[in-house]
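Below: query20.csv (CSV, C-alpha atoms)
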chain,number,residue,atom,x,y,z
Y,1,MET,CA,10.5,-0.4,37.4
Y,2,ALA,CA,11.5,0.7,40.9
Y,3,VAL,CA,12.1,4.4,41.8
Y,4,THR,CA,15.9,4.8,42.2
Y,5,ASN,CA,16.6,7.5,44.8
Y,6,ASP,CA,17.6,7.6,48.4
Y,7,PHE,CA,14.5,9.2,49.9
Y,8,LYS,CA,12.9,7.7,52.9
Y,9,GLN,CA,9.6,7.9,54.6
Y,10,GLY,CA,9.6,11.0,56.8
Y,11,ASP,CA,12.2,12.9,54.8
Y,12,LEU,CA,11.5,16.6,54.2
Y,13,VAL,CA,11.9,17.4,50.5
Y,14,PHE,CA,11.6,20.6,48.5
Y,15,VAL,CA,9.8,20.5,45.1
Y,16,GLU,CA,12.4,22.3,42.9
Y,17,ARG,CA,10.7,22.2,39.5
Y,18,LYS,CA,8.0,20.9,37.3
Y,19,MET,CA,8.9,17.8,35.2
Y,20,GLU,CA,6.8,16.4,32.4
Y,21,ARG,CA,8.7,13.1,32.2
Y,22,SER,CA,11.5,11.4,34.1
Y,23,LYS,CA,13.2,8.1,33.7
Y,24,GLY,CA,11.8,5.5,36.2
Y,25,TRP,CA,8.7,7.6,36.9
Y,26,CYS,CA,5.6,5.9,35.7
Y,27,ASN,CA,3.3,8.9,35.9
Y,28,SER,CA,2.6,12.3,34.4
Y,29,TRP,CA,2.6,15.8,35.7
Y,30,ALA,CA,-1.0,17.0,36.4
Y,31,ASP,CA,-2.0,20.7,36.5
Y,32,GLY,CA,-2.8,20.5,40.2
Y,33,MET,CA,0.8,19.7,41.0
Y,34,ASP,CA,2.1,23.1,39.9
Y,35,LYS,CA,1.2,24.7,43.3
Y,36,TYR,CA,3.6,22.3,45.0
Y,37,VAL,CA,6.7,23.8,43.3
Y,38,GLY,CA,8.7,25.9,45.6
Y,39,ASN,CA,7.4,24.3,48.8
Y,40,THR,CA,8.5,21.6,51.3
Y,41,TYR,CA,6.7,18.4,52.1
Y,42,THR,CA,7.2,15.2,54.1
Y,43,ILE,CA,7.5,11.9,52.3
Y,44,ARG,CA,4.6,9.5,52.9
Y,45,SER,CA,5.6,6.7,50.5
Y,46,GLN,CA,7.1,6.0,47.1
Y,47,HIS,CA,6.9,3.5,44.3
Y,48,SER,CA,7.1,3.6,40.4
Y,49,GLY,CA,4.2,6.1,40.4
Y,50,GLY,CA,6.4,8.6,42.2
Y,51,VAL,CA,7.0,10.1,45.7
Y,52,TYR,CA,3.9,10.8,47.7
Y,53,PHE,CA,3.5,13.4,50.5
Y,54,GLU,CA,1.9,13.3,53.9
Y,55,GLU,CA,0.5,16.8,53.5
Y,56,ASP,CA,-1.8,15.9,50.6
Y,57,LYS,CA,-2.6,12.4,51.8
Y,58,GLY,CA,-0.7,11.0,48.8
Y,59,VAL,CA,-2.9,12.5,46.1
Y,60,PHE,CA,0.0,13.1,43.6
Y,61,GLY,CA,3.0,11.1,42.8
Y,62,PHE,CA,6.0,13.3,42.1
Y,63,PRO,CA,9.1,12.4,40.1
Y,64,PRO,CA,12.1,12.0,42.4
Y,65,LYS,CA,14.3,14.1,40.1
Y,66,ALA,CA,12.0,17.1,40.8
Y,67,LEU,CA,12.7,16.9,44.5
Y,68,ARG,CA,15.6,17.9,46.8
Y,69,LEU,CA,16.3,16.5,50.2
Y,70,ILE,CA,16.1,19.2,52.9
Y,71,LYS,CA,16.0,17.2,56.2
Y,72,ARG,CA,16.4,13.6,57.2
Y,73,GLY,CA,16.0,12.8,60.9
Y,74,THR,CA,17.9,15.7,62.6
Y,75,GLU,CA,20.2,16.5,59.7
Y,76,TYR,CA,19.5,19.4,57.4
Y,77,TYR,CA,20.8,19.7,53.8
Y,78,PHE,CA,20.7,23.4,52.9
Y,79,LYS,CA,23.2,24.7,50.3
Y,80,LYS,CA,25.1,27.9,49.9
Y,81,GLY,CA,23.0,30.2,47.7
Y,82,ASP,CA,19.6,28.8,49.0
Y,83,ILE,CA,17.1,31.4,49.9
Y,84,VAL,CA,15.5,30.7,53.2
Y,85,GLU,CA,12.7,32.5,55.1
Y,86,VAL,CA,13.2,32.8,58.9
Y,87,VAL,CA,9.9,31.4,60.2
Y,88,LYS,CA,10.3,31.4,63.9
Y,89,SER,CA,12.1,32.9,66.8
Y,90,MET,CA,14.1,30.4,68.9
Y,91,PRO,CA,15.5,32.4,71.9
Y,92,GLU,CA,16.1,29.1,73.8
Y,93,HIS,CA,18.6,27.9,71.1
Y,94,ARG,CA,22.3,28.3,72.0
Y,95,VAL,CA,23.2,30.4,69.0
Y,96,TRP,CA,20.2,32.8,69.3
Y,97,VAL,CA,21.2,36.3,70.3
Y,98,LYS,CA,19.4,39.7,70.6
Y,99,GLY,CA,18.5,41.2,67.2
Y,100,MET,CA,17.8,37.9,65.5
Y,101,GLU,CA,14.1,38.0,66.2
Y,102,ASP,CA,14.0,41.0,63.8
Y,103,ALA,CA,14.7,38.6,60.9
Y,104,VAL,CA,11.5,36.6,61.4
Y,105,GLY,CA,9.4,37.0,58.3
Y,106,GLY,CA,12.3,38.0,56.1
Y,107,SER,CA,14.2,35.9,53.6
Y,108,TYR,CA,17.9,35.7,53.2
Y,109,VAL,CA,20.6,34.0,51.1
Y,110,VAL,CA,22.5,31.2,52.8
Y,111,ASP,CA,26.2,32.1,52.9
Y,112,SER,CA,27.7,29.2,54.8
Y,113,LEU,CA,26.7,26.0,56.6
Y,114,ASP,CA,28.0,24.4,59.8
Y,115,SER,CA,28.0,20.8,60.8
Y,116,ASP,CA,25.9,21.6,63.9
Y,117,ASN,CA,22.7,22.4,61.9
Y,118,THR,CA,23.3,26.1,61.7
Y,119,ILE,CA,23.5,28.3,58.7
Y,120,LEU,CA,25.1,31.8,58.2
Y,121,LEU,CA,22.8,34.5,57.0
Y,122,ASN,CA,24.3,37.8,56.0
Y,123,ASN,CA,23.0,41.3,56.3
Y,124,VAL,CA,20.3,40.6,58.9
Y,125,GLY,CA,19.7,44.1,60.2
Y,126,GLY,CA,23.2,44.9,59.2
Y,127,CYS,CA,24.8,41.9,61.0
Y,128,ASN,CA,25.7,38.4,60.1
Y,129,PHE,CA,24.1,35.7,62.3
Y,130,TRP,CA,24.3,31.9,62.5
Y,131,PHE,CA,20.7,30.6,62.6
Y,132,PRO,CA,19.4,27.2,63.7
Y,133,CYS,CA,18.2,25.3,60.6
Y,134,GLU,CA,14.9,24.5,62.3
Y,135,SER,CA,14.1,28.3,62.4
Y,136,VAL,CA,14.0,28.6,58.6
Y,137,LYS,CA,12.3,27.1,55.6
Y,138,LEU,CA,13.7,26.9,52.1
Y,139,VAL,CA,11.8,29.2,49.6
Y,140,GLY,CA,14.2,28.9,46.6
Y,141,LYS,CA,17.7,29.3,45.4
Y,142,GLU,CA,19.7,32.2,43.9
Y,143,SER,CA,19.4,32.4,40.2
Y,144,LYS,CA,20.4,34.6,37.3
Y,145,TYR,CA,16.9,34.3,36.0
Y,146,LYS,CA,14.4,37.1,36.4
Y,147,ASN,CA,11.7,34.8,37.9
Y,148,ALA,CA,13.9,33.6,40.8
Y,149,PRO,CA,12.7,34.4,44.3
Y,150,LYS,CA,14.3,37.5,45.7
Y,151,PRO,CA,15.3,37.8,49.4
Y,152,LYS,CA,12.9,40.1,51.3
Y,153,LYS,CA,13.2,42.1,54.4
Y,154,PRO,CA,10.7,41.4,57.2
Y,155,GLU,CA,7.8,43.9,57.6
Y,156,PRO,CA,8.7,46.6,60.2
Y,157,VAL,CA,6.7,46.3,63.4
Y,158,PRO,CA,5.0,49.6,64.1
Y,159,ALA,CA,6.1,51.4,67.2
Y,160,GLN,CA,3.7,51.4,70.1
Y,161,PRO,CA,2.8,54.7,71.7
Y,162,ILE,CA,4.1,55.4,75.2
Y,163,VAL,CA,1.4,56.6,77.5
Y,164,LEU,CA,2.5,58.8,80.3
Y,165,GLU,CA,0.3,59.3,83.3
Y,166,ALA,CA,0.2,62.6,85.2
Y,167,TRP,CA,0.5,62.3,89.0
Y,168,GLU,CA,-1.5,64.6,91.2
Y,169,LYS,CA,0.1,66.2,94.2
Y,170,PHE,CA,-1.3,65.1,97.5

Show me this structure written as structure tokens.
Amino acid sequence: MAVTNDFKQGDLVFVERKMERSKGWCNSWADGMDKYVGNTYTIRSQHSGGVYFEEDKGVFGFPPKALRLIKRGTEYYFKKGDIVEVVKSMPEHRVWVKGMEDAVGGSYVVDSLDSDNTILLNNVGGCNFWFPCESVKLVGKESKYKNAPKPKKPEPVPAQPIVLEAWEKF
């Protein structure tokens, strides 16, 4: 039986959950697969044994229904309510402004999406900013359940001491 999904080689997917069984998936969930839940991977190949990832050289075959498409080509597929971590500063990007670099290392809830691959993140240092999708990674989604990931603030950068030099009179 063929795997029925629209994933393609090179797609970036997020492993949303563990699944013991799934229609059309001729495989079973192994204990070693648990560590993949909540992370993103690039599709290497797929067949009835599942969807295989580049990052693990195709060791495990995942059920397609446990995966969510995040990126295909240059298009991103984040959703309102996703929790993303800002993983890199992109001062060269047209939407990047002063203050956004303080968000690197923190995670935030996606409020809105735009068709130009930017997402609105609220309360980033007290401001709302549009971030380029390539500057963030998906870490989860908002949930009413107690084990859902919580947004986190980035670690503060310690202030560097200012050294003043005394000048001698000549």

Spatial neighbours of region 73-83 of chain Y, 12 Å, only C-alpha atoms, chain gap at least 5 places, as an NGL selection string: :Y and (7-14 or 16 or 38 or 42 or 68 or 106-122 or 132-144 or 148-152)

Sel. within 12 Å of pt (11.3, 30.7, 69.1), counting all atoms listed in the file, output as a short mmCIF file (atom, residue, chain, number, x, y, z; two decimals) with C-alpha atoms, in the coordinates of the input:
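Everything below was put into out24.cif:
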data_model
loop_
_atom_site.label_atom_id
_atom_site.label_comp_id
_atom_site.auth_asym_id
_atom_site.auth_seq_id
_atom_site.Cartn_x
_atom_site.Cartn_y
_atom_site.Cartn_z
CA VAL Y 86 13.20 32.80 58.90
CA VAL Y 87 9.90 31.40 60.20
CA LYS Y 88 10.30 31.40 63.90
CA SER Y 89 12.10 32.90 66.80
CA MET Y 90 14.10 30.40 68.90
CA PRO Y 91 15.50 32.40 71.90
CA GLU Y 92 16.10 29.10 73.80
CA HIS Y 93 18.60 27.90 71.10
CA ARG Y 94 22.30 28.30 72.00
CA VAL Y 95 23.20 30.40 69.00
CA TRP Y 96 20.20 32.80 69.30
CA VAL Y 97 21.20 36.30 70.30
CA MET Y 100 17.80 37.90 65.50
CA GLU Y 101 14.10 38.00 66.20
CA ASP Y 102 14.00 41.00 63.80
CA ALA Y 103 14.70 38.60 60.90
CA VAL Y 104 11.50 36.60 61.40
CA PHE Y 131 20.70 30.60 62.60
CA PRO Y 132 19.40 27.20 63.70
CA GLU Y 134 14.90 24.50 62.30
CA SER Y 135 14.10 28.30 62.40
CA VAL Y 136 14.00 28.60 58.60
#

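Minimum distance to Lys65 (chain Y) across Y:Arg21, Y:Val84, Y:Cys26, Y:Trp130 (counting only C-alpha atoms) occurs at Y:Arg21.
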
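Ranking Y:Arg44, Y:Lys98, Y:Arg17, Y:Lys71 by their shortest atom-to-atom distance to Gly58 (chain Y), with all atoms listed in the file included, puts Y:Arg44 first.
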
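CA of Phe62 (chain Y) lies 8.7 Å from CA of Val15 (chain Y).
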
Separation of CA of Leu69 (chain Y) from CA of Cys127 (chain Y), in Å and rounded to one decimal: 28.9 Å

Ref. answer, residues at most 7 Å from (1.4, 14.8, 52.2) with all atoms listed in the file, as a PyMOL selection string: chain Y and resi 41-44+52-58

Gly50 (chain Y) environment, 6 Å, all atoms listed in the file, sequence neighbours closer than 4 positions dropped, as a PyMOL selection string: chain Y and resi 25+46+61-63
